[in-house]
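Below is one structure; the comments refer to it alone.
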2 protein chains.
Amino acid sequence: MTRSETAARFAASAGARDGAAVPGPAFRDWWEGRPRSGAFEVTRIPFRELDRWDFDRDSGDLGHESGRFFTVEGLRVDDGAGTVRTQPIINQPEVGILGILVKEFDGVLHCLMQAKFEPGNLNVRQLSPTVQATRSNYTRVHQGNPTPYVEYFHGPARGRVLVDVLQSEQGAWFWRKSNRNIVVEATGEVPENEDFCWLTLHQLRRLLLTDNLVNMDARTVLACMPLARPQEAAQTSTDPFVRALLRSYDAVDDAPEARNTLGEVISWLTDARARCEHTTQLVPLSDITGWTRSDDAISDDSREVFQIIAARVRAGNREVREWTQPLLAPWQQGLAVFVTRAIDGVLHVLVRATPEPGLPGAIEIGPTVQRRSTADTRAADPFAETALTDDPARIRSDVVLSEEGGRFHHAQTRYRVIEAGPDVPLETPDGYCWVTVGQLMDLVRHSHYLTIEARTLLACLHALW
Amino acid sequence: MTRSETAARFAASAGARDGAAVPGPAFRDWWEGRPRSGAFEVTRIPFRELDRWDFDRDSGDLGHESGRFFTVEGLRVDDGAGTVRTQPIINQPEVGILGILVKEFDGVLHCLMQAKFEPGNLNVRQLSPTVQATRSNYTRVHQGNPTPYVEYFHGPARGRVLVDVLQSEQGAWFWRKSNRNIVVEATGEVPENEDFCWLTLHQLRRLLLTDNLVNMDARTVLACMPLARPQEAAQTSTDPFVRALLRSYDAVDDAPEARNTLGEVISWLTDARARCEHTTQLVPLSDITGWTRSDDAISDDSREVFQIIAARVRAGNREVREWTQPLLAPWQQGLAVFVTRAIDGVLHVLVRATPEPGLPGAIEIGPTVQRRSTADTRAADPFAETALTDDPARIRSDVVLSEEGGRFHHAQTRYRVIEAGPDVPLETPDGYCWVTVGQLMDLVRHSHYLTIEARTLLACLHALW
């Protein structure tokens, strides 16, 4: 099957307003029927109550006695201009699987989504990919139950692979973490499971704009799906923004409608990466400065960045088990914004070459505006005012979504898509570039172009028609 | 200009049998007229005679007192299955420029190539890109003369960028090194310089098959140039291999003539990367084991891998200067082979997912067979016999080329393109994949897909029609 054929099938699913007859209950019934509370209990604990996790006597690094899962280590960042800073960072070298199983019902592709509990979730369960598992999980280092459906993504019996690409995650919090974003089409019967539900892309597009519902792992996989311009919607919409957005799906590679060719976009990113003089280095956690470790937290002294905390989890569902683990808890809600503008009737997104110390390539393509803490707020940002506009005519989406609840505690980001006008000039300042939606999808086919926040925003763009 | 238009212009240059009237003497006259000996003198010296280079008292790392250029550090490689080994490795975090300036003469693109001396060259000068400069070079840390033509590649006054992508270099010898591969088209007059000469791609294709003439830096930039199927050659060739090769240029992305779609190739590489359990870590050079440092060399005790040595260089040309530096000297000639086979009349290349400890993504797409030392020779290799065939009917090219002479001393690799038949089955063993030439060119547009050896072999394929 060619990529454009696959993209057309996803587009049909994204436009499928009438749900097909799929196995199991309808989404709302199913979702409301998932146990919310009681089944899971998360308690913050002092570090000394962590079970099988400990601080290394020499390095001070926080790790699991098996040597697996992840460690919290120190990171030293030298900006190349004489400023050095340090911070804790999560080092998780294993490549995990974020996989969505898809299947046709009545000729329409449906995604098998999971109601998944994660200890850092602020609302117990979120809508997650079919499989979301570290290698330690699915090779059963934790000796829990096997991960449902993992056999579709892993090993010789897997289904037809439609997407399969490594993508980075938060470079401010993770050291060079990559996960495998996979979409696999099941060719035979798929067994039912009460924690899973089949949804069209049309349904998922709607759910994506609900606060704290579709989790980060689901969003990044959705963003990696090829998606053609949905023909029907393009003909019926009267909203100039939507018409420009839909035209932008066709503006791939070096289409004349794109302000920059894809080659120019790649060159712009290459230039930013080549000029980046940041150097980064893992160091012992006990060597970092400006952070204080107490009985129950490692915190930056300014209380702006994040804390490392510990939690005890009791999961009392079918898979009865209890465990403890560290979590990274940001102090504040983050912000990630795509400022967009129609250029000659084609929507363009203003992206930024975003340096983050933990990214494998030092810089990836990120949102126009991004903040993780009030420390970021103090830096001058030419597009902050546009990004934070309260003009309802310009706010195309504004949703608060959660970051990975398996590692981060109550980490929320406000994601906005803003429609700008001529007040945002076509000439871009250093470090910014106009790209089309089609070009973002050209790039997300490959590893390490789009940051995790840019991928969430790309998925949000899909929800706007 | 679109990428396909650029590819067609390069194809015209590659097919331009009649040289156009370009400034300066013809290639042979120019090349023979370059000073060969006398002008440069390279002497091996003991480490204590290195000037401004020294071993760090604590770590034992070998570095320059400025903190720039590069360091020789230790590398620890854990294969995830209990085996740990260590080695020295060159750490050069700066991103350098490998740039070829092109310009149309009589409607045909020409490349401005340089006769460049490098201390590790076994034959003094090799044919090099227009600019081959580390950031330390072109920002003039060495206080030498400015790099000629660098202004075309760097800064606001540069010409029209046709290619601009970061690519890795030897992952067994360099720690996460990337260089910027750039092709820029000059739009105005270009001043002449006696060490530089304008050549068509047709001329360069011929010169590429001459032993130790076209250097590594030129080869990687040539491999990154988009190149369309040359129409004229396709019609005239009667050689089935050449006809299959030329058809392979058209088999891009998910063309039906390709045995695997590009998506399947990306998924195959993603799988290999996800399963890779190697972990690597820089360590103090004094902590490595199995290597011995004497007065004038750091050598592996088995004398199979490489040595780190020191050299004094006296360059007595126009730019009179003298310097000392470390070099990495492999003990043996390397081997890199593309085994190819026509599948339904379209040439396919059997590539291997090649792990190297210094690669940023741990694994890139490499040759079918590759060896850097006799240690590699001992590993079982299903295609070694095919790769080393002495059947002249199967050997499509066989050339000994040099690796980067600025860091490596007399490092040569034997590059072969082999035409295989049904003795190499279409079903591939784990870690191998059939790809078309068009797909290799799809991939080399992006960073970190093809190893430096695979890129040299891709350039060699261009020379075979």
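Ligands are numbered from 1 in the order shown, residues from 1 within each chain, and chains are lettered A, B, ... in the order they appear in the structure tokens.
Excluding stretch 362-368 of chain A itself and any same-chain residue fewer than 4 positions from it, the protein and nucleic acid residues within 8 Å of it, counting only C-alpha atoms, are Leu269, Ala272, Arg273, Cys276, His278, Ala336, Val337, Phe338, Val339, Leu350, Val351, Arg352, Ala353, Thr354, Pro355, Glu356, Pro357, Gly358, Phe383, Tyr432, His448, Tyr449, Leu450, Thr451, Glu453, Ala454 and Leu457 of chain A.
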Contacts from chain A to chain B, 10 Å maximum, only C-alpha atoms: show me the residue list as a CSV table (one decimal) with C-alpha atoms, in the first residue's frame.
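This is the output file result.csv:
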```
chain,number,residue,atom,x,y,z
A,1,MET,CA,0.0,0.0,0.0
A,2,THR,CA,1.4,3.4,-0.9
A,3,ARG,CA,1.7,6.2,1.6
A,4,SER,CA,-0.8,8.3,-0.3
A,93,PRO,CA,17.8,4.6,27.3
A,94,GLU,CA,15.3,1.9,26.4
A,95,VAL,CA,13.1,2.6,23.4
A,96,GLY,CA,9.5,1.9,24.3
A,97,ILE,CA,6.5,1.3,22.1
A,135,ARG,CA,10.9,-2.5,26.9
A,154,HIS,CA,6.5,-6.6,18.3
A,155,GLY,CA,7.9,-9.7,16.8
A,161,VAL,CA,2.8,-1.6,9.6
A,162,LEU,CA,1.5,1.8,8.4
A,163,VAL,CA,3.7,4.0,10.6
A,164,ASP,CA,6.9,3.1,12.4
A,165,VAL,CA,9.3,5.9,13.4
A,166,LEU,CA,11.3,6.9,16.4
A,176,ARG,CA,17.9,11.6,24.6
A,178,SER,CA,13.1,8.2,21.9
A,179,ASN,CA,10.0,6.1,21.6
A,180,ARG,CA,8.8,4.1,18.7
A,181,ASN,CA,5.6,5.5,17.3
A,182,ILE,CA,3.8,2.7,15.5
A,253,ASP,CA,7.7,19.3,-0.2
A,254,ASP,CA,8.4,22.1,-2.7
A,255,ALA,CA,4.8,22.8,-3.8
A,256,PRO,CA,4.6,26.4,-5.1
A,261,THR,CA,10.5,24.6,-0.1
A,262,LEU,CA,11.1,21.6,2.1
A,263,GLY,CA,14.7,21.9,1.2
A,264,GLU,CA,14.8,25.4,2.5
A,265,VAL,CA,13.2,24.3,5.7
A,266,ILE,CA,15.8,21.5,6.1
A,267,SER,CA,18.5,24.0,5.4
A,268,TRP,CA,17.1,26.4,8.0
A,269,LEU,CA,17.2,23.7,10.6
A,270,THR,CA,20.6,22.5,9.6
A,271,ASP,CA,21.9,26.1,10.0
A,273,ARG,CA,21.9,23.0,14.5
A,274,ALA,CA,25.3,23.8,13.1
A,275,ARG,CA,25.4,27.2,14.9
A,276,CYS,CA,24.3,25.7,18.2
A,277,GLU,CA,27.2,25.8,20.6
A,278,HIS,CA,25.5,24.3,23.6
A,279,THR,CA,27.3,21.3,25.0
A,281,GLN,CA,26.9,16.1,29.6
A,282,LEU,CA,25.4,13.7,32.1
A,360,PRO,CA,19.5,13.9,20.5
A,361,GLY,CA,20.1,16.5,17.8
A,443,LEU,CA,9.0,15.9,8.3
A,445,ARG,CA,7.7,10.8,8.8
A,446,HIS,CA,11.3,10.9,9.9
A,447,SER,CA,12.9,10.9,13.4
A,448,HIS,CA,13.9,14.0,15.3
A,449,TYR,CA,12.4,16.8,13.3
```
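The space separating atom CA of A:Val183 from atom CA of A:Val131 comes to 10.2 Å.
Atom CA of A:Asp442 to atom CA of A:Gly171 spans 22.0 Å [interatomic distance, one decimal].
Every protein or nucleic acid residue with an atom no more than 6 Å from A:Ala411, counting only C-alpha atoms and leaving out same-chain residues fewer than 3 positions away, appears here: Ser402, Glu403 and Phe408 of chain A.
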Same residues, C-alpha atoms, output as a PDB file, in the first residue's frame:
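This is the output file selection-v3.pdb:
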```pdb
ATOM      1  CA  SER A 402      -1.369  16.364  30.109  1.00  0.00           C
ATOM      2  CA  GLU A 403       2.163  15.215  29.501  1.00  0.00           C
ATOM      3  CA  PHE A 408       5.540  13.339  35.140  1.00  0.00           C
TER       4      PHE A 408
END
```
Near-stretch 205-208 of chain B list (8 Å; only C-alpha atoms; drop same-chain fewer than 4 positions) as an MDAnalysis selection string | chainID B and resid 14 201 213:214 459:460 462:463
Hey, what does DSSP flag as alpha helix (DSSP H) within stretch 52-190 of chain B? Can you give it to me as an mmCIF file with N, CA and C atoms, in the first residue's frame?
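So result_5.cif came out as:
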```cif
data_model
loop_
_atom_site.group_PDB
_atom_site.id
_atom_site.type_symbol
_atom_site.label_atom_id
_atom_site.label_comp_id
_atom_site.auth_asym_id
_atom_site.auth_seq_id
_atom_site.Cartn_x
_atom_site.Cartn_y
_atom_site.Cartn_z
ATOM 1 N N ARG B 135 34.650 24.602 12.306
ATOM 2 C CA ARG B 135 34.306 25.933 12.803
ATOM 3 C C ARG B 135 35.565 26.645 13.316
ATOM 4 N N SER B 136 36.449 25.890 13.974
ATOM 5 C CA SER B 136 37.709 26.498 14.440
ATOM 6 C C SER B 136 38.510 27.050 13.263
ATOM 7 N N ASN B 137 38.479 26.316 12.133
ATOM 8 C CA ASN B 137 39.180 26.806 10.943
ATOM 9 C C ASN B 137 38.594 28.117 10.463
ATOM 10 N N TYR B 138 37.281 28.088 10.193
ATOM 11 C CA TYR B 138 36.755 29.253 9.489
ATOM 12 C C TYR B 138 36.478 30.420 10.423
#
```
Write out as a PyMOL selection string which residues come within 10 Å of B:Ala297 when counting only C-alpha atoms, dropping same-chain ones fewer than 2 positions away.
-> chain B and resi 45-47+291-295+299-300+306-310+326-329
Write out as number ranges by chain all residues of stretch 148-390 of chain B that DSSP puts in strand (DSSP E) for this structure's backbone.
-> B: 160-168, 178-185, 196-200, 279-283, 291-293, 298-300, 306-315, 321-330, 334-343, 346-355, 363-366, 369-371
Take atom CA of B:Ser286 and atom CA of B:Gly74 and report the distance between them in Å, one decimal.
-> 7.4 Å
Identify, on the basis of only C-alpha atoms, every residue whose closest approach to B:Leu464 does not exceed 8 Å; exclude the query and any residue fewer than 4 positions from it along the same chain; express the result as a ChimeraX atom specification.
-> /B:242,396-397,460
If we count only C-alpha atoms, what is near A:Val437 at a cut-off of 12 Å, once residues fewer than 3 positions away on the same chain are taken out, given as a ChimeraX atom specification?
-> /A:223,226-229,244-253,255,257-259,262,338,340-342,346-351,434,440-444,454-455,457-462
Save out the residues we just selected, C-alpha atoms, as a PDB file, in the first residue's frame.
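Resulting contents of selection-v4.pdb:
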```pdb
ATOM      1  CA  ALA A 223       0.500  13.202  14.688  1.00  0.00           C
ATOM      2  CA  PRO A 226      -0.219  10.281   7.223  1.00  0.00           C
ATOM      3  CA  LEU A 227      -3.367  12.268   6.510  1.00  0.00           C
ATOM      4  CA  ALA A 228      -4.463  13.443   3.088  1.00  0.00           C
ATOM      5  CA  ARG A 229      -6.490  16.582   2.502  1.00  0.00           C
ATOM      6  CA  ALA A 244      -6.653  27.702   4.127  1.00  0.00           C
ATOM      7  CA  LEU A 245      -5.901  24.892   6.599  1.00  0.00           C
ATOM      8  CA  LEU A 246      -7.223  22.236   4.232  1.00  0.00           C
ATOM      9  CA  ARG A 247      -5.244  23.650   1.300  1.00  0.00           C
ATOM     10  CA  SER A 248      -2.160  23.482   3.509  1.00  0.00           C
ATOM     11  CA  TYR A 249      -2.353  19.666   3.589  1.00  0.00           C
ATOM     12  CA  ASP A 250      -1.638  19.642  -0.154  1.00  0.00           C
ATOM     13  CA  ALA A 251       1.330  22.006   0.123  1.00  0.00           C
ATOM     14  CA  VAL A 252       3.942  19.291   0.534  1.00  0.00           C
ATOM     15  CA  ASP A 253       7.684  19.344  -0.200  1.00  0.00           C
ATOM     16  CA  ALA A 255       4.808  22.841  -3.778  1.00  0.00           C
ATOM     17  CA  GLU A 257       1.992  27.302  -2.489  1.00  0.00           C
ATOM     18  CA  ALA A 258       4.551  26.830   0.282  1.00  0.00           C
ATOM     19  CA  ARG A 259       6.484  29.931   1.236  1.00  0.00           C
ATOM     20  CA  LEU A 262      11.068  21.603   2.149  1.00  0.00           C
ATOM     21  CA  PHE A 338       1.318  27.502  16.981  1.00  0.00           C
ATOM     22  CA  THR A 340      -0.545  30.496  12.045  1.00  0.00           C
ATOM     23  CA  ARG A 341      -1.276  32.756   9.113  1.00  0.00           C
ATOM     24  CA  ALA A 342      -2.814  32.232   5.722  1.00  0.00           C
ATOM     25  CA  VAL A 346      -2.695  28.552   2.324  1.00  0.00           C
ATOM     26  CA  LEU A 347      -2.299  28.225   6.081  1.00  0.00           C
ATOM     27  CA  HIS A 348       1.306  28.431   7.280  1.00  0.00           C
ATOM     28  CA  VAL A 349       2.595  27.677  10.755  1.00  0.00           C
ATOM     29  CA  LEU A 350       5.373  29.762  12.261  1.00  0.00           C
ATOM     30  CA  VAL A 351       7.741  27.248  13.826  1.00  0.00           C
ATOM     31  CA  TRP A 434       6.973  29.412   7.959  1.00  0.00           C
ATOM     32  CA  LEU A 440       5.088  19.222   8.830  1.00  0.00           C
ATOM     33  CA  MET A 441       3.674  15.856   7.770  1.00  0.00           C
ATOM     34  CA  ASP A 442       6.586  15.319   5.345  1.00  0.00           C
ATOM     35  CA  LEU A 443       8.960  15.884   8.254  1.00  0.00           C
ATOM     36  CA  VAL A 444       7.181  13.872  10.948  1.00  0.00           C
ATOM     37  CA  ALA A 454       4.956  20.447  17.949  1.00  0.00           C
ATOM     38  CA  ARG A 455       3.533  16.981  17.322  1.00  0.00           C
ATOM     39  CA  LEU A 457      -0.051  20.892  18.021  1.00  0.00           C
ATOM     40  CA  LEU A 458       0.025  19.165  14.627  1.00  0.00           C
ATOM     41  CA  ALA A 459      -2.605  16.760  15.963  1.00  0.00           C
ATOM     42  CA  CYS A 460      -4.606  19.777  17.204  1.00  0.00           C
ATOM     43  CA  LEU A 461      -4.513  21.271  13.677  1.00  0.00           C
ATOM     44  CA  HIS A 462      -6.127  18.056  12.441  1.00  0.00           C
TER      45      HIS A 462
END
```
